[in-house]
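Coordinates as given in work.pdb (PDB, C-alpha atoms):
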ATOM      1  CA  MET O  83      87.831 110.838  89.465
ATOM      2  CA  PRO O  84      90.288 110.474  92.340
ATOM      3  CA  SER O  85      91.807 113.755  93.466
ATOM      4  CA  ILE O  86      95.362 114.596  92.452
ATOM      5  CA  SER O  87      96.660 113.959  95.974
ATOM      6  CA  ASN O  88      95.033 110.502  96.055
ATOM      7  CA  LEU O  89      96.381 109.842  92.607
ATOM      8  CA  ASP O  90      99.811 110.925  93.770
ATOM      9  CA  ALA O  91      99.574 108.514  96.720
ATOM     10  CA  ALA O  92      98.380 105.793  94.360
ATOM     11  CA  PHE O  93     101.307 106.395  91.989
ATOM     12  CA  SER O  94     103.802 106.390  94.858
ATOM     13  CA  ALA O  95     102.264 103.245  96.315
ATOM     14  CA  LEU O  96     102.533 101.469  92.971
ATOM     15  CA  ALA O  97     106.062 102.698  92.270
ATOM     16  CA  ASP O  98     107.497  99.917  94.437
ATOM     17  CA  PRO O  99     107.808  96.377  93.020
ATOM     18  CA  THR O 100     107.172  94.714  96.396
ATOM     19  CA  ARG O 101     103.947  96.640  96.829
ATOM     20  CA  ARG O 102     102.797  95.692  93.340
ATOM     21  CA  ALA O 103     103.584  92.057  94.129
ATOM     22  CA  ILE O 104     101.571  92.343  97.350
ATOM     23  CA  LEU O 105      98.624  93.690  95.355
ATOM     24  CA  ALA O 106      98.976  90.858  92.847
ATOM     25  CA  ARG O 107      98.877  88.381  95.733
ATOM     26  CA  LEU O 108      95.855  90.066  97.325
ATOM     27  CA  ALA O 109      94.079  90.033  93.969
ATOM     28  CA  LYS O 110      93.872  86.255  94.499
ATOM     29  CA  GLY O 111      92.288  86.647  97.927
ATOM     30  CA  GLU O 112      92.632  87.773 101.516
ATOM     31  CA  ALA O 113      95.969  87.133 103.280
ATOM     32  CA  THR O 114      97.634  87.747 106.636
ATOM     33  CA  VAL O 115     100.923  89.637 107.029
ATOM     34  CA  MET O 116     102.661  86.304 107.659
ATOM     35  CA  GLU O 117     101.252  84.827 104.453
ATOM     36  CA  LEU O 118     102.215  87.954 102.533
ATOM     37  CA  ALA O 119     105.754  87.953 103.947
ATOM     38  CA  ALA O 120     106.385  84.294 103.000
ATOM     39  CA  PRO O 121     107.218  84.717  99.280
ATOM     40  CA  PHE O 122     109.437  87.758  99.932
ATOM     41  CA  GLU O 123     112.801  87.798 101.619
ATOM     42  CA  MET O 124     111.519  90.446 103.990
ATOM     43  CA  THR O 125     110.629  90.709 107.625
ATOM     44  CA  GLN O 126     107.030  91.035 108.729
ATOM     45  CA  PRO O 127     107.585  94.632 109.933
ATOM     46  CA  ALA O 128     108.911  95.518 106.455
ATOM     47  CA  ILE O 129     105.817  93.980 104.866
ATOM     48  CA  SER O 130     103.628  95.793 107.406
ATOM     49  CA  GLN O 131     105.256  99.071 106.364
ATOM     50  CA  HIS O 132     104.428  98.380 102.693
ATOM     51  CA  LEU O 133     100.862  97.470 103.700
ATOM     52  CA  LYS O 134     100.561 100.762 105.560
ATOM     53  CA  VAL O 135     101.465 102.663 102.368
ATOM     54  CA  LEU O 136      98.955 100.610 100.383
ATOM     55  CA  GLU O 137      96.270 101.170 103.030
ATOM     56  CA  GLU O 138      96.898 104.927 103.052
ATOM     57  CA  ALA O 139      96.651 105.022  99.267
ATOM     58  CA  GLY O 140      93.314 103.239  99.536
ATOM     59  CA  PHE O 141      94.320  99.992  97.824
ATOM     60  CA  VAL O 142      94.147  97.671 100.813
ATOM     61  CA  VAL O 143      91.838  97.275 103.820
ATOM     62  CA  ARG O 144      92.126  95.083 106.896
ATOM     63  CA  ARG O 145      89.550  93.281 108.989
ATOM     64  CA  VAL O 146      89.708  91.895 112.507
ATOM     65  CA  ASP O 147      89.614  88.114 112.858
ATOM     66  CA  GLY O 148      90.501  87.221 116.450
ATOM     67  CA  THR O 149      94.173  88.113 116.793
ATOM     68  CA  LYS O 150      94.661  88.206 113.005
ATOM     69  CA  ARG O 151      94.287  91.222 110.774
ATOM     70  CA  PRO O 152      93.893  89.780 107.300
ATOM     71  CA  ARG O 153      94.259  92.236 104.434
ATOM     72  CA  ARG O 154      92.320  92.324 101.200
ATOM     73  CA  LEU O 155      92.056  94.604  98.185
ATOM     74  CA  ALA O 156      89.849  97.604  98.782
ATOM     75  CA  LYS O 157      87.003  97.872  96.343
ATOM     76  CA  GLY O 158      87.446 101.619  96.245
ATOM     77  CA  GLY O 159      91.154 101.267  95.467
ATOM     78  CA  VAL O 160      90.454  99.059  92.501
ATOM     79  CA  GLU O 161      87.812 101.480  91.328
ATOM     80  CA  ALA O 162      90.312 104.302  91.720
ATOM     81  CA  MET O 163      92.791 102.396  89.525
ATOM     82  CA  ASP O 164      89.999 101.706  87.087
ATOM     83  CA  GLN O 165      89.377 105.435  86.938
ATOM     84  CA  TRP O 166      93.096 106.112  86.786
ATOM     85  CA  LEU O 167      93.374 103.868  83.738
ATOM     86  CA  ALA O 168      90.491 105.626  82.056
ATOM     87  CA  MET O 169      92.364 108.829  82.792
ATOM     88  CA  LEU O 170      95.663 107.462  81.459
ATOM     89  CA  ARG O 171      93.936 106.358  78.288
ATOM     90  CA  LYS O 172      92.244 109.715  77.932
ATOM     91  CA  ALA O 173      95.610 111.419  78.573
ATOM     92  CA  LEU O 174      97.194 109.466  75.700
ATOM     93  CA  GLU O 175      94.228 110.170  73.443
ATOM     94  CA  LYS O 176      94.355 113.842  74.341
ATOM     95  CA  SER O 177      98.102 113.968  73.587
ATOM     96  CA  TYR O 178      97.611 112.336  70.188
ATOM     97  CA  ASP O 179      94.712 114.648  69.326
ATOM     98  CA  ARG O 180      97.096 117.510  70.087
ATOM     99  CA  LEU O 181      99.746 115.842  67.921
ATOM    100  CA  ASP O 182      97.235 115.853  65.046
ATOM    101  CA  GLU O 183      97.175 119.657  65.343
ATOM    102  CA  VAL O 184     100.976 119.905  65.542
ATOM    103  CA  LEU O 185     101.278 117.711  62.441
ATOM    104  CA  ALA O 186      98.689 119.803  60.592
ATOM    105  CA  SER O 187     100.720 122.955  61.283
ATOM    106  CA  MET O 188     103.926 121.194  60.128
ATOM    107  CA  GLU O 189     102.189 120.253  56.876
ATOM    108  CA  LYS O 190     101.829 123.903  55.902
ATOM    109  CA  PRO O 191     104.407 124.920  53.273
ATOM    110  CA  LYS O 192     105.344 128.075  55.220
ATOM    111  CA  ARG O 193     106.334 126.178  58.326
ATOM    112  CA  GLY O 194     109.173 128.587  59.065
ATOM    113  CA  GLU O 195     106.661 131.393  59.414
ATOM    114  CA  ALA O 196     106.605 133.041  62.828
ATOM    115  CA  ARG O 197     103.627 132.006  64.926
TER     116      ARG O 197
ATOM    117  CA  MET P  78      89.207 110.833  63.752
ATOM    118  CA  SER P  79      91.202 107.634  63.955
ATOM    119  CA  LYS P  80      90.697 105.955  67.306
ATOM    120  CA  MET P  81      93.605 104.841  69.408
ATOM    121  CA  THR P  82      93.795 101.203  70.409
ATOM    122  CA  LEU P  83      95.443  99.973  73.594
ATOM    123  CA  GLN P  84      95.733  96.279  74.370
ATOM    124  CA  THR P  85      97.892  93.830  76.248
ATOM    125  CA  GLU P  86      99.945  91.283  74.326
ATOM    126  CA  GLY P  87     101.552  88.189  75.832
ATOM    127  CA  ASP P  88     102.691  88.501  79.429
ATOM    128  CA  THR P  89     104.806  91.626  79.309
ATOM    129  CA  HIS P  90     103.655  93.803  76.419
ATOM    130  CA  ILE P  91     101.249  96.654  75.962
ATOM    131  CA  LEU P  92     100.412  97.660  72.411
ATOM    132  CA  VAL P  93      99.116 101.085  71.401
ATOM    133  CA  THR P  94      98.198 101.993  67.824
ATOM    134  CA  ARG P  95      97.102 105.308  66.332
ATOM    135  CA  ARG P  96      96.743 106.636  62.786
ATOM    136  CA  PHE P  97      97.867 110.128  61.795
ATOM    137  CA  ALA P  98      97.061 112.150  58.690
ATOM    138  CA  ALA P  99     100.706 113.227  58.212
ATOM    139  CA  PRO P 100     103.503 111.168  56.592
ATOM    140  CA  PRO P 101     105.954 109.135  58.755
ATOM    141  CA  GLU P 102     108.683 111.795  58.467
ATOM    142  CA  ALA P 103     106.503 114.398  60.188
ATOM    143  CA  VAL P 104     105.259 112.004  62.897
ATOM    144  CA  TYR P 105     108.827 110.857  63.562
ATOM    145  CA  ARG P 106     110.033 114.458  63.856
ATOM    146  CA  ALA P 107     107.190 115.231  66.276
ATOM    147  CA  HIS P 108     108.501 112.379  68.451
ATOM    148  CA  THR P 109     112.149 113.476  68.424
ATOM    149  CA  ASP P 110     112.248 117.299  68.240
ATOM    150  CA  PRO P 111     111.884 118.697  71.803
ATOM    151  CA  LYS P 112     110.193 121.881  70.530
ATOM    152  CA  LEU P 113     107.506 119.738  68.913
ATOM    153  CA  ILE P 114     107.231 117.159  71.740
ATOM    154  CA  GLN P 115     106.602 120.002  74.183
ATOM    155  CA  LYS P 116     103.519 121.027  72.200
ATOM    156  CA  TRP P 117     101.642 117.751  72.326
ATOM    157  CA  LEU P 118     102.936 115.236  74.894
ATOM    158  CA  LEU P 119     100.954 116.904  77.659
ATOM    159  CA  GLY P 120      98.217 114.492  78.680
ATOM    160  CA  PRO P 121      95.108 115.977  80.249
ATOM    161  CA  GLU P 122      94.115 119.643  80.107
ATOM    162  CA  GLY P 123      95.997 121.879  82.510
ATOM    163  CA  TRP P 124      99.415 120.241  82.282
ATOM    164  CA  THR P 125     102.516 121.759  80.725
ATOM    165  CA  MET P 126     106.015 120.413  80.107
ATOM    166  CA  PRO P 127     108.437 123.131  81.253
ATOM    167  CA  ILE P 128     111.428 120.858  80.748
ATOM    168  CA  CYS P 129     111.783 118.859  77.565
ATOM    169  CA  ILE P 130     115.221 117.561  76.697
ATOM    170  CA  ASN P 131     115.674 114.983  73.969
ATOM    171  CA  ASP P 132     119.127 114.226  72.623
ATOM    172  CA  ALA P 133     117.836 112.359  69.582
ATOM    173  CA  LYS P 134     120.731 110.079  68.784
ATOM    174  CA  PRO P 135     121.502 106.450  69.673
ATOM    175  CA  GLY P 136     122.636 106.484  73.303
ATOM    176  CA  GLY P 137     121.147 109.943  73.808
ATOM    177  CA  LYS P 138     119.181 110.753  76.933
ATOM    178  CA  PHE P 139     115.822 112.421  77.315
ATOM    179  CA  ARG P 140     114.056 114.036  80.216
ATOM    180  CA  TYR P 141     110.482 115.295  80.379
ATOM    181  CA  GLU P 142     109.062 117.178  83.339
ATOM    182  CA  TRP P 143     105.392 117.960  83.665
ATOM    183  CA  THR P 144     103.528 120.206  86.058
ATOM    184  CA  ASN P 145      99.936 121.268  86.582
ATOM    185  CA  GLY P 146     101.039 124.226  88.702
ATOM    186  CA  LYS P 147     100.617 122.270  91.938
ATOM    187  CA  VAL P 148     102.326 118.923  91.486
ATOM    188  CA  GLY P 149     104.717 117.547  88.941
ATOM    189  CA  PHE P 150     106.459 114.406  87.865
ATOM    190  CA  GLN P 151     109.174 113.416  85.439
ATOM    191  CA  VAL P 152     110.161 110.728  82.993
ATOM    192  CA  THR P 153     113.766 110.023  82.068
ATOM    193  CA  GLY P 154     115.069 107.635  79.476
ATOM    194  CA  GLU P 155     117.695 106.645  76.956
ATOM    195  CA  LEU P 156     117.334 106.336  73.211
ATOM    196  CA  LEU P 157     118.653 102.993  72.035
ATOM    197  CA  GLU P 158     117.909 102.935  68.311
ATOM    198  CA  LEU P 159     116.800 105.624  65.876
ATOM    199  CA  GLU P 160     115.879 104.766  62.311
ATOM    200  CA  PRO P 161     114.665 107.941  60.593
ATOM    201  CA  TYR P 162     111.722 108.044  59.894
ATOM    202  CA  SER P 163     110.409 104.622  60.711
ATOM    203  CA  ARG P 164     111.450 103.422  64.145
ATOM    204  CA  ILE P 165     112.516 104.569  67.618
ATOM    205  CA  VAL P 166     113.564 102.243  70.429
ATOM    206  CA  HIS P 167     113.961 103.695  73.890
ATOM    207  CA  VAL P 168     113.806 102.803  77.545
ATOM    208  CA  GLU P 169     112.031 105.013  80.087
ATOM    209  CA  ARG P 170     110.905 105.139  83.681
ATOM    210  CA  MET P 171     108.782 107.492  85.739
ATOM    211  CA  HIS P 172     109.977 109.200  88.906
ATOM    212  CA  LEU P 173     107.162 109.438  91.416
ATOM    213  CA  PRO P 174     109.697 110.143  92.952
ATOM    214  CA  ASP P 175     110.654 106.459  93.294
ATOM    215  CA  ARG P 176     111.723 105.046  89.961
ATOM    216  CA  THR P 177     109.153 102.806  88.323
ATOM    217  CA  PRO P 178     110.558  99.703  86.590
ATOM    218  CA  ASP P 179     112.103 100.358  83.182
ATOM    219  CA  ASN P 180     109.647 100.314  80.342
ATOM    220  CA  HIS P 181     111.229  99.298  77.014
ATOM    221  CA  VAL P 182     109.384 100.968  74.138
ATOM    222  CA  GLU P 183     109.567 100.372  70.400
ATOM    223  CA  THR P 184     107.673 102.880  68.283
ATOM    224  CA  ARG P 185     107.164 102.217  64.578
ATOM    225  CA  PHE P 186     105.935 104.701  61.995
ATOM    226  CA  ASP P 187     104.622 102.926  58.901
ATOM    227  CA  ALA P 188     103.270 104.700  55.820
ATOM    228  CA  ASP P 189      99.545 104.176  55.621
ATOM    229  CA  GLY P 190      98.172 105.739  52.431
ATOM    230  CA  THR P 191      99.101 109.417  52.729
ATOM    231  CA  GLY P 192      99.311 109.103  56.492
ATOM    232  CA  THR P 193     101.050 107.072  59.155
ATOM    233  CA  LEU P 194     100.175 104.093  61.276
ATOM    234  CA  MET P 195     102.021 104.404  64.578
ATOM    235  CA  THR P 196     102.534 101.218  66.579
ATOM    236  CA  MET P 197     103.979 101.596  70.055
ATOM    237  CA  ARG P 198     104.943  98.391  71.820
ATOM    238  CA  MET P 199     105.872  98.639  75.475
ATOM    239  CA  THR P 200     107.738  95.801  77.148
ATOM    240  CA  LEU P 201     107.803  95.694  80.920
ATOM    241  CA  PRO P 202     110.736  93.903  82.585
ATOM    242  CA  ASP P 203     108.844  90.783  83.499
ATOM    243  CA  ALA P 204     105.452  89.216  83.568
ATOM    244  CA  GLN P 205     105.241  89.914  87.292
ATOM    245  CA  THR P 206     105.550  93.663  86.824
ATOM    246  CA  ARG P 207     102.937  93.825  84.135
ATOM    247  CA  ALA P 208     100.754  91.291  85.858
ATOM    248  CA  SER P 209     100.844  93.169  89.112
ATOM    249  CA  MET P 210     100.109  96.441  87.321
ATOM    250  CA  LEU P 211      97.314  94.956  85.294
ATOM    251  CA  ALA P 212      96.007  91.878  87.053
ATOM    252  CA  THR P 213      95.278  93.606  90.325
ATOM    253  CA  GLY P 214      91.964  94.699  89.033
ATOM    254  CA  MET P 215      93.511  96.822  86.342
ATOM    255  CA  GLU P 216      92.817  94.420  83.511
ATOM    256  CA  HIS P 217      89.193  94.471  84.537
ATOM    257  CA  GLY P 218      89.647  98.179  84.914
ATOM    258  CA  MET P 219      90.825  98.471  81.320
ATOM    259  CA  GLU P 220      87.809  96.574  80.032
ATOM    260  CA  ALA P 221      85.605  98.829  82.082
ATOM    261  CA  SER P 222      87.530 101.852  80.819
ATOM    262  CA  TYR P 223      86.920 100.894  77.214
ATOM    263  CA  VAL P 224      83.230 100.508  77.889
ATOM    264  CA  ARG P 225      83.111 103.764  79.803
ATOM    265  CA  LEU P 226      85.050 105.613  77.130
ATOM    266  CA  ASP P 227      82.844 104.179  74.415
ATOM    267  CA  GLY P 228      79.991 105.606  76.397
ATOM    268  CA  MET P 229      81.704 109.004  76.557
ATOM    269  CA  ILE P 230      82.567 109.265  72.894
TER     270      ILE P 230
END

What's the structure tokens form of this structure?
Amino acid sequence: MPSISNLDAAFSALADPTRRAILARLAKGEATVMELAAPFEMTQPAISQHLKVLEEAGFVVRRVDGTKRPRRLAKGGVEAMDQWLAMLRKALEKSYDRLDEVLASMEKPKRGEAR
Amino acid sequence: MSKMTLQTEGDTHILVTRRFAAPPEAVYRAHTDPKLIQKWLLGPEGWTMPICINDAKPGGKFRYEWTNGKVGFQVTGELLELEPYSRIVHVERMHLPDRTPDNHVETRFDADGTGTLMTMRMTLPDAQTRASMLATGMEHGMEASYVRLDGMI
């Protein structure tokens, strides 16, 4: 499981629609900052700033190709999201299991009784 | 124990179903009464909800704040439609602290024998939002999660 701080960074990174769109684009394959900036009405420095957040959260990695620094999805980042989803699903399941208990206590005829 | 299902539907929906042993009235109340919500909507072990406000009327606002003692986050939303004891429509977003896109949620409580079948349908603002949340490896992630969870259970 990713640590809470990583998870926090992951959540923050994904909270921005541009960054999610960048991830969606990178899911299709490697791209340079210029290629990533093209579909957005944003400057390359603005895109670079978003990429920095995504890199720090572990979603994106860069490689060196001459003067270019193409970005791609980090395997670890995807795995972290994979784990995050398992956690989200478990969180929902855990909540509903707890709700079963709350409902069982509501079912009792003496529900006004002090706990 | 009735298993929860979670699946994507169309381009912008996520569908969650769960059966409960109690009648729709009780399940509905557990979704609208803050004192009850606070007891179960807690996610993983170790989290509490110190702030739980739910003004359960059409147009009413709600606010949930969770903490694990170290970090916290909150969800705010508005209740759009309330049909006791069968249906709730609301809109919500997380604050991380940036606002996530609005998630439109319809929750139905249908009598199922002596119990209730809950169907929660989330609608994200556009295909792009859901696609970018899910398609970036997350859809694969979900499949893997199911398999992994099946292995755990």

Under the PyMOL selection byres ((chain P and resi 166) around 10), which residues of this model are included? Write them out as JSON, numbers by chain. {"P": [135, 155, 156, 157, 158, 159, 160, 164, 165, 167, 168, 181, 182, 183, 184, 185, 197, 198, 199]}

Nearby residues (all atoms listed in the file) at most 9 Å from segment 118-120 of chain O, same-chain spacing under 2 positions excluded, as a ChimeraX atom specification: /O:104,107-108,113-116,122-126,128-130

Box in all listed atoms of segment 94-103 of chain P, axis-aligned, with 8 Å more on each side; write out centre and edge lengths in Å to one decimal as AutoDock Vina command-line options.
--center_x 102.7 --center_y 108.2 --center_z 62.2 --size_x 27.9 --size_y 28.4 --size_z 27.2

What would the selection look like, as an NGL selection string, if the PyMOL selection byres ((chain O and resi 135) around 10) were run on the coordinates I just shared? :O and (91-92 or 94-96 or 101 or 130-134 or 136-142)

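Atom pair atom CA of Asn131 of chain P / atom CA of Pro101 of chain P: separated by 19.0 Å.
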
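Counting all atoms listed in the file, the residue from O:Ser187, O:Gly111, O:Leu181, O:Arg153 that sits nearest to chain P is O:Leu181.
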
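Considering all atoms listed in the file, the residue among P:His90, P:Lys134, P:Arg96, P:Lys80 positioned nearest to Thr196 of chain P is P:Arg96.
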
Given the file shown, determine the residues that the PyMOL selection byres ((chain O and resi 179) around 12) selects; report them as a VMD selection string. (chain O and resid 172 to 178 180 to 186) or (chain P and resid 78 to 81 95 to 98 116 to 122)

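Of the residues listed (O:Glu112, O:Arg102, O:Pro127, O:Pro121), O:Glu112 shows the shortest atom-to-atom separation from Lys150 of chain O; distances use all atoms listed in the file.
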